[in-house]
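Note: the block below is protein_0.txt and it holds compact mmCIF, N, CA and C atoms.
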```txt
# COMPACT_ATOMS: atom_id res chain seq x y z
N GLN A 62 -13.37 6.68 -13.52
CA GLN A 62 -13.79 6.30 -12.19
C GLN A 62 -12.64 6.53 -11.21
N VAL A 63 -12.94 7.11 -10.08
CA VAL A 63 -11.93 7.41 -9.07
C VAL A 63 -11.79 6.18 -8.17
N GLN A 64 -10.67 5.49 -8.27
CA GLN A 64 -10.50 4.29 -7.48
C GLN A 64 -9.07 3.79 -7.55
N THR A 65 -8.79 2.80 -6.72
CA THR A 65 -7.54 2.04 -6.82
C THR A 65 -7.91 0.59 -7.05
N VAL A 66 -7.07 -0.10 -7.78
CA VAL A 66 -7.26 -1.52 -8.05
C VAL A 66 -6.01 -2.27 -7.61
N THR A 67 -6.20 -3.19 -6.68
CA THR A 67 -5.08 -3.91 -6.07
C THR A 67 -5.05 -5.34 -6.57
N SER A 68 -3.85 -5.86 -6.80
CA SER A 68 -3.71 -7.25 -7.21
C SER A 68 -2.37 -7.80 -6.72
N GLY A 69 -2.22 -9.11 -6.86
CA GLY A 69 -0.95 -9.75 -6.54
C GLY A 69 -0.92 -10.55 -5.27
N GLY A 70 -2.01 -10.57 -4.53
CA GLY A 70 -2.03 -11.35 -3.30
C GLY A 70 -2.00 -12.84 -3.58
N GLY A 71 -1.85 -13.60 -2.52
CA GLY A 71 -1.83 -15.04 -2.66
C GLY A 71 -1.40 -15.70 -1.37
N SER A 72 -1.08 -16.98 -1.47
CA SER A 72 -0.65 -17.76 -0.31
C SER A 72 0.81 -18.10 -0.45
N VAL A 73 1.57 -17.85 0.61
CA VAL A 73 3.00 -18.15 0.61
C VAL A 73 3.38 -18.73 1.96
N GLN A 74 4.52 -19.37 2.01
CA GLN A 74 5.03 -19.87 3.28
C GLN A 74 5.87 -18.80 3.96
N THR A 75 6.06 -18.97 5.24
CA THR A 75 6.90 -18.01 5.96
C THR A 75 8.28 -17.92 5.31
N GLY A 76 8.76 -16.70 5.24
CA GLY A 76 10.03 -16.45 4.58
C GLY A 76 9.91 -16.16 3.10
N GLY A 77 8.73 -16.35 2.55
CA GLY A 77 8.52 -16.13 1.13
C GLY A 77 8.32 -14.67 0.77
N SER A 78 8.07 -14.43 -0.51
CA SER A 78 7.93 -13.07 -1.03
C SER A 78 6.70 -12.96 -1.91
N LEU A 79 6.17 -11.75 -1.97
CA LEU A 79 5.09 -11.42 -2.88
C LEU A 79 5.25 -9.97 -3.31
N ARG A 80 4.71 -9.67 -4.49
CA ARG A 80 4.67 -8.28 -4.94
C ARG A 80 3.22 -7.92 -5.22
N LEU A 81 2.75 -6.88 -4.55
CA LEU A 81 1.40 -6.37 -4.77
C LEU A 81 1.47 -5.17 -5.71
N SER A 82 0.44 -5.05 -6.52
CA SER A 82 0.35 -3.93 -7.46
C SER A 82 -0.89 -3.09 -7.16
N CYS A 83 -0.74 -1.80 -7.35
CA CYS A 83 -1.85 -0.87 -7.15
C CYS A 83 -1.90 0.03 -8.37
N VAL A 84 -3.02 -0.02 -9.07
CA VAL A 84 -3.24 0.84 -10.22
C VAL A 84 -4.31 1.85 -9.86
N THR A 85 -3.99 3.11 -10.00
CA THR A 85 -4.95 4.16 -9.65
C THR A 85 -5.61 4.70 -10.91
N SER A 86 -6.81 5.22 -10.75
CA SER A 86 -7.49 5.86 -11.87
C SER A 86 -8.32 7.02 -11.34
N GLY A 87 -8.44 8.03 -12.17
CA GLY A 87 -9.28 9.17 -11.82
C GLY A 87 -8.68 10.12 -10.81
N ILE A 88 -7.39 9.96 -10.49
CA ILE A 88 -6.76 10.84 -9.52
C ILE A 88 -5.55 11.52 -10.14
N LYS A 89 -5.12 12.58 -9.50
CA LYS A 89 -3.87 13.23 -9.86
C LYS A 89 -2.77 12.41 -9.21
N PHE A 90 -2.07 11.57 -10.01
CA PHE A 90 -1.10 10.64 -9.44
C PHE A 90 0.15 11.36 -8.95
N SER A 91 0.61 12.34 -9.74
CA SER A 91 1.82 13.05 -9.33
C SER A 91 1.51 13.92 -8.12
N ASN A 92 2.49 14.08 -7.26
CA ASN A 92 2.33 14.88 -6.04
C ASN A 92 1.14 14.42 -5.21
N ASN A 93 1.08 13.13 -5.00
CA ASN A 93 0.02 12.55 -4.18
C ASN A 93 0.65 11.57 -3.21
N CYS A 94 -0.07 11.20 -2.20
CA CYS A 94 0.35 10.14 -1.28
C CYS A 94 -0.41 8.88 -1.63
N ILE A 95 0.32 7.80 -1.88
CA ILE A 95 -0.27 6.50 -2.12
C ILE A 95 0.20 5.58 -0.98
N GLY A 96 -0.74 4.95 -0.33
CA GLY A 96 -0.39 4.12 0.83
C GLY A 96 -0.91 2.71 0.71
N TRP A 97 -0.22 1.80 1.36
CA TRP A 97 -0.66 0.41 1.48
C TRP A 97 -1.12 0.18 2.91
N PHE A 98 -2.26 -0.48 3.03
CA PHE A 98 -2.85 -0.75 4.32
C PHE A 98 -3.21 -2.24 4.41
N ARG A 99 -3.32 -2.73 5.63
CA ARG A 99 -3.75 -4.12 5.78
C ARG A 99 -4.66 -4.24 6.99
N GLN A 100 -5.52 -5.23 6.90
CA GLN A 100 -6.44 -5.49 8.00
C GLN A 100 -6.64 -6.99 8.14
N ALA A 101 -6.31 -7.49 9.30
CA ALA A 101 -6.53 -8.89 9.62
C ALA A 101 -7.87 -9.02 10.33
N PRO A 102 -8.49 -10.18 10.29
CA PRO A 102 -9.78 -10.37 10.95
C PRO A 102 -9.71 -10.01 12.43
N GLY A 103 -10.65 -9.19 12.87
CA GLY A 103 -10.71 -8.80 14.26
C GLY A 103 -9.73 -7.73 14.68
N GLN A 104 -8.98 -7.22 13.72
CA GLN A 104 -7.99 -6.20 14.04
C GLN A 104 -8.28 -4.91 13.29
N GLU A 105 -7.73 -3.82 13.80
CA GLU A 105 -7.89 -2.54 13.13
C GLU A 105 -7.01 -2.48 11.88
N ARG A 106 -7.42 -1.65 10.95
CA ARG A 106 -6.61 -1.44 9.77
C ARG A 106 -5.29 -0.77 10.15
N GLU A 107 -4.22 -1.21 9.51
CA GLU A 107 -2.88 -0.70 9.80
C GLU A 107 -2.24 -0.18 8.52
N GLY A 108 -1.69 1.00 8.59
CA GLY A 108 -0.91 1.50 7.47
C GLY A 108 0.47 0.87 7.50
N VAL A 109 0.92 0.30 6.41
CA VAL A 109 2.22 -0.38 6.41
C VAL A 109 3.28 0.36 5.62
N ALA A 110 2.89 1.05 4.57
CA ALA A 110 3.88 1.77 3.76
C ALA A 110 3.18 2.83 2.94
N ALA A 111 3.91 3.91 2.67
CA ALA A 111 3.33 4.99 1.86
C ALA A 111 4.44 5.69 1.11
N ILE A 112 4.07 6.29 -0.01
CA ILE A 112 5.02 6.99 -0.84
C ILE A 112 4.42 8.31 -1.30
N PHE A 113 5.26 9.35 -1.31
CA PHE A 113 4.84 10.63 -1.89
C PHE A 113 5.34 10.62 -3.33
N THR A 114 4.42 10.62 -4.27
CA THR A 114 4.80 10.48 -5.67
C THR A 114 5.45 11.73 -6.23
N GLY A 115 5.45 12.82 -5.46
CA GLY A 115 6.09 14.03 -5.93
C GLY A 115 7.60 13.96 -5.86
N GLY A 116 8.14 13.21 -4.94
CA GLY A 116 9.58 13.13 -4.81
C GLY A 116 10.08 11.74 -4.52
N GLY A 117 9.15 10.83 -4.23
CA GLY A 117 9.54 9.44 -3.98
C GLY A 117 9.85 9.12 -2.54
N SER A 118 9.64 10.07 -1.63
CA SER A 118 9.92 9.77 -0.22
C SER A 118 8.95 8.71 0.29
N THR A 119 9.45 7.84 1.15
CA THR A 119 8.67 6.70 1.63
C THR A 119 8.63 6.66 3.15
N ASN A 120 7.60 6.03 3.66
CA ASN A 120 7.45 5.83 5.10
C ASN A 120 6.94 4.42 5.33
N TYR A 121 7.43 3.80 6.42
CA TYR A 121 7.05 2.42 6.72
C TYR A 121 6.66 2.26 8.18
N ALA A 122 5.75 1.33 8.42
CA ALA A 122 5.46 0.93 9.79
C ALA A 122 6.65 0.14 10.31
N ASP A 123 6.88 0.23 11.60
CA ASP A 123 8.01 -0.47 12.20
C ASP A 123 7.92 -1.98 11.96
N SER A 124 6.71 -2.49 11.90
CA SER A 124 6.51 -3.93 11.76
C SER A 124 6.99 -4.48 10.41
N VAL A 125 7.19 -3.61 9.43
CA VAL A 125 7.57 -4.09 8.09
C VAL A 125 8.89 -3.51 7.60
N LYS A 126 9.49 -2.62 8.36
CA LYS A 126 10.75 -2.01 7.93
C LYS A 126 11.81 -3.07 7.67
N GLY A 127 12.49 -2.88 6.55
CA GLY A 127 13.52 -3.83 6.19
C GLY A 127 13.01 -5.05 5.45
N ARG A 128 11.70 -5.24 5.41
CA ARG A 128 11.12 -6.39 4.73
C ARG A 128 10.23 -5.98 3.55
N PHE A 129 9.56 -4.85 3.67
CA PHE A 129 8.65 -4.37 2.62
C PHE A 129 9.28 -3.16 1.95
N THR A 130 9.02 -3.03 0.64
CA THR A 130 9.49 -1.88 -0.12
C THR A 130 8.36 -1.36 -0.99
N ILE A 131 8.06 -0.09 -0.86
CA ILE A 131 7.04 0.54 -1.71
C ILE A 131 7.76 1.31 -2.81
N SER A 132 7.23 1.27 -4.01
CA SER A 132 7.89 1.96 -5.12
C SER A 132 6.86 2.34 -6.17
N GLN A 133 7.24 3.32 -7.00
CA GLN A 133 6.41 3.71 -8.13
C GLN A 133 6.80 2.86 -9.32
N GLY A 134 5.81 2.48 -10.11
CA GLY A 134 6.09 1.73 -11.30
C GLY A 134 6.48 2.64 -12.46
N SER A 135 6.89 2.04 -13.56
CA SER A 135 7.24 2.81 -14.74
C SER A 135 5.99 3.47 -15.33
N ALA A 136 4.86 2.82 -15.17
CA ALA A 136 3.60 3.46 -15.56
C ALA A 136 3.25 4.48 -14.49
N GLU A 137 2.83 5.65 -14.91
CA GLU A 137 2.66 6.76 -13.98
C GLU A 137 1.69 6.47 -12.86
N ASN A 138 0.68 5.65 -13.11
CA ASN A 138 -0.37 5.48 -12.13
C ASN A 138 -0.26 4.20 -11.31
N THR A 139 0.94 3.65 -11.21
CA THR A 139 1.12 2.36 -10.56
C THR A 139 2.10 2.46 -9.39
N VAL A 140 1.74 1.77 -8.31
CA VAL A 140 2.61 1.66 -7.14
C VAL A 140 2.69 0.19 -6.76
N TYR A 141 3.87 -0.24 -6.34
CA TYR A 141 4.09 -1.63 -5.94
C TYR A 141 4.43 -1.72 -4.47
N LEU A 142 4.15 -2.87 -3.90
CA LEU A 142 4.61 -3.21 -2.56
C LEU A 142 5.31 -4.56 -2.64
N GLU A 143 6.64 -4.52 -2.53
CA GLU A 143 7.43 -5.74 -2.53
C GLU A 143 7.54 -6.22 -1.09
N MET A 144 7.11 -7.45 -0.85
CA MET A 144 7.12 -8.00 0.51
C MET A 144 8.04 -9.21 0.53
N SER A 145 8.99 -9.20 1.43
CA SER A 145 9.91 -10.33 1.55
C SER A 145 9.99 -10.77 3.01
N ASN A 146 10.58 -11.95 3.20
CA ASN A 146 10.69 -12.52 4.54
C ASN A 146 9.34 -12.45 5.28
N LEU A 147 8.31 -12.90 4.59
CA LEU A 147 6.96 -12.79 5.13
C LEU A 147 6.79 -13.64 6.38
N LYS A 148 6.02 -13.11 7.31
CA LYS A 148 5.77 -13.76 8.59
C LYS A 148 4.28 -14.09 8.71
N LEU A 149 3.98 -14.98 9.63
CA LEU A 149 2.58 -15.35 9.83
C LEU A 149 1.71 -14.12 10.12
N GLU A 150 2.28 -13.19 10.85
CA GLU A 150 1.50 -12.00 11.24
C GLU A 150 1.29 -11.01 10.09
N ASP A 151 1.86 -11.29 8.94
CA ASP A 151 1.60 -10.45 7.77
C ASP A 151 0.31 -10.85 7.06
N THR A 152 -0.30 -11.94 7.49
CA THR A 152 -1.55 -12.39 6.89
C THR A 152 -2.63 -11.35 7.10
N ALA A 153 -3.23 -10.88 6.02
CA ALA A 153 -4.25 -9.83 6.09
C ALA A 153 -4.78 -9.54 4.70
N MET A 154 -5.84 -8.72 4.67
CA MET A 154 -6.32 -8.15 3.41
C MET A 154 -5.55 -6.86 3.20
N TYR A 155 -4.89 -6.75 2.06
CA TYR A 155 -4.09 -5.57 1.75
C TYR A 155 -4.82 -4.70 0.73
N SER A 156 -4.81 -3.40 1.00
CA SER A 156 -5.45 -2.44 0.10
C SER A 156 -4.53 -1.26 -0.12
N CYS A 157 -4.68 -0.62 -1.25
CA CYS A 157 -3.96 0.63 -1.46
C CYS A 157 -4.95 1.77 -1.56
N ALA A 158 -4.48 2.95 -1.29
CA ALA A 158 -5.35 4.12 -1.28
C ALA A 158 -4.55 5.35 -1.62
N ALA A 159 -5.26 6.39 -2.04
CA ALA A 159 -4.68 7.69 -2.30
C ALA A 159 -5.29 8.70 -1.33
N VAL A 160 -4.48 9.69 -0.97
CA VAL A 160 -4.98 10.70 -0.04
C VAL A 160 -6.09 11.53 -0.67
N SER A 161 -5.95 11.81 -1.96
CA SER A 161 -6.89 12.73 -2.58
C SER A 161 -7.00 12.47 -4.07
N ARG A 162 -8.05 13.00 -4.68
CA ARG A 162 -8.14 13.01 -6.14
C ARG A 162 -7.16 14.02 -6.72
N TRP A 163 -6.74 14.94 -5.89
CA TRP A 163 -5.91 16.04 -6.37
C TRP A 163 -4.53 15.97 -5.75
N SER A 164 -3.67 16.86 -6.17
CA SER A 164 -2.32 16.91 -5.62
C SER A 164 -2.38 17.31 -4.14
N VAL A 165 -1.40 16.84 -3.40
CA VAL A 165 -1.31 17.17 -1.99
C VAL A 165 0.10 17.63 -1.67
N VAL A 166 0.25 18.22 -0.50
CA VAL A 166 1.57 18.62 -0.05
C VAL A 166 2.27 17.40 0.53
N GLY A 167 3.57 17.31 0.32
CA GLY A 167 4.32 16.17 0.83
C GLY A 167 4.46 16.19 2.34
N GLY A 168 5.12 15.19 2.85
CA GLY A 168 5.31 15.01 4.29
C GLY A 168 5.27 13.53 4.58
N ASN A 169 4.95 13.18 5.81
CA ASN A 169 4.84 11.77 6.16
C ASN A 169 3.51 11.24 5.66
N CYS A 170 3.55 10.55 4.55
CA CYS A 170 2.31 10.10 3.93
C CYS A 170 1.61 9.02 4.75
N LEU A 171 2.35 8.33 5.61
CA LEU A 171 1.73 7.25 6.37
C LEU A 171 0.78 7.77 7.44
N THR A 172 0.91 9.03 7.78
CA THR A 172 0.06 9.59 8.83
C THR A 172 -1.13 10.37 8.28
N ARG A 173 -1.29 10.39 6.96
CA ARG A 173 -2.37 11.17 6.36
C ARG A 173 -3.68 10.40 6.39
N ASN A 174 -4.77 11.13 6.17
CA ASN A 174 -6.07 10.50 5.99
C ASN A 174 -6.25 10.19 4.51
N TYR A 175 -6.73 9.01 4.21
CA TYR A 175 -6.85 8.55 2.83
C TYR A 175 -8.32 8.49 2.43
N TYR A 176 -8.62 8.95 1.21
CA TYR A 176 -10.01 9.07 0.80
C TYR A 176 -10.37 8.34 -0.48
N VAL A 177 -9.38 7.85 -1.20
CA VAL A 177 -9.65 7.11 -2.45
C VAL A 177 -9.21 5.67 -2.25
N TRP A 178 -10.17 4.79 -2.25
CA TRP A 178 -9.89 3.38 -1.96
C TRP A 178 -10.43 2.49 -3.08
N GLY A 179 -10.04 1.24 -3.01
CA GLY A 179 -10.58 0.22 -3.90
C GLY A 179 -10.66 -1.08 -3.14
N GLN A 180 -10.84 -2.16 -3.88
CA GLN A 180 -10.94 -3.46 -3.21
C GLN A 180 -9.55 -3.93 -2.78
N GLY A 181 -9.46 -4.86 -1.91
CA GLY A 181 -8.19 -5.35 -1.43
C GLY A 181 -7.81 -6.68 -2.06
N THR A 182 -6.62 -7.15 -1.69
CA THR A 182 -6.15 -8.46 -2.14
C THR A 182 -5.64 -9.22 -0.92
N GLN A 183 -6.00 -10.48 -0.82
CA GLN A 183 -5.67 -11.27 0.37
C GLN A 183 -4.25 -11.81 0.30
N VAL A 184 -3.54 -11.66 1.40
CA VAL A 184 -2.21 -12.26 1.56
C VAL A 184 -2.29 -13.21 2.74
N THR A 185 -1.96 -14.47 2.49
CA THR A 185 -1.99 -15.49 3.54
C THR A 185 -0.62 -16.12 3.65
N VAL A 186 -0.05 -16.05 4.84
CA VAL A 186 1.27 -16.62 5.09
C VAL A 186 1.08 -17.81 6.03
N SER A 187 1.63 -18.94 5.64
CA SER A 187 1.50 -20.15 6.45
C SER A 187 2.86 -20.77 6.73
N SER A 188 2.90 -21.57 7.78
CA SER A 188 4.18 -22.20 8.15
C SER A 188 4.35 -23.53 7.45
```

Would you put the structure from the file into structure tokens?
Amino acid sequence: QVQTVTSGGGSVQTGGSLRLSCVTSGIKFSNNCIGWFRQAPGQEREGVAAIFTGGGSTNYADSVKGRFTISQGSAENTVYLEMSNLKLEDTAMYSCAAVSRWSVVGGNCLTRNYYVWGQGTQVTVSS
């Protein structure tokens, strides 16, 4: 099945940390763009971080730079999002996605169109 499966969300206080996991299936993981997105109620979906699995280059939204880290796991089909110093405005449903079932050309993965999605995981930050 072509999809992504996201896990690791939860409730934390401001300043806390969480690690989200994204497991992909049915796609060409190498030389692909894997991105993390979030959507808060009433707001548009926002791309927060992306990685090109062909070389490991990463891109981040300004709102999370220095606080979030995207990385590939030791398992070939896994990507993580390490979130630290969480803020109230980080509260959202987080999802991961892949640009394609197939390999893609590298570049700024955060600006690409994503076509392989799965369910999200809720992150709630409270004071």

Problem set entry | helix (DSSP H, G or I) call set, DSSP backbone run, stretch 71-185 of chain A, as a VMD selection string | chain A and resid 149 to 151 170 to 172

Set out as a tab-separated table a contact list for stretch 100-127 of chain A and stretch 170-186 of chain A with a cut-off of 6.5 Å, giving each residue of stretch 100-127 of chain A that qualifies its closest atom pair and distance in Å to one decimal, counting all atoms listed in the file, ordered by chain and rising residue number.
```
residue	atom	partner	partner_atom	distance
A:Gly108	CA	A:Leu171	CA	6.4
A:Ala110	C	A:Leu171	CA	5.8
A:Ala111	CA	A:Leu171	N	5.1
A:Ile112	N	A:Cys170	CA	5.8
A:Phe113	N	A:Cys170	CA	6.1
A:Asn120	CA	A:Leu171	N	5.7
```

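Considering the residues A:Tyr141, A:Gly127, A:Arg99, A:Gln62 and counting only N, CA and C atoms, A:Tyr155 has its shortest atom-to-atom contact with A:Arg99.
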
Exercise. Could you pull the residues within 6 Å of A:Leu149, counting all atoms listed in the file, minus those fewer than 2 positions along the same chain, as a VMD selection string?
Worked result: chain A and resid 75 147 151 to 152 186 to 187

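Across the structure, atom CA of A:Val140 and atom CA of A:Val125 are spaced 17.0 Å apart.
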
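Counting only C-alpha atoms, the residue from A:Arg80, A:Ser72, A:Gly96, A:Pro102 that sits nearest to A:Ala158 is A:Gly96.
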
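Excluding A:Asn146 itself and same-chain residues fewer than 2 positions from it, the residues having an atom within 5 Å of it are Gly76, Gly77, Met144 and Lys148 of chain A, counting only N, CA and C atoms.
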
Seminar exercise, completed: Among A:Ile95, A:Ala136, A:Val73, A:Val63, A:Cys157 is approached most closely, using only C-alpha atoms, by A:Ile95

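Distances to A:Cys83 were evaluated for A:Gly103, A:Gly69, A:Gly167, A:Gly116 using only C-alpha atoms, and the minimum falls at A:Gly69.
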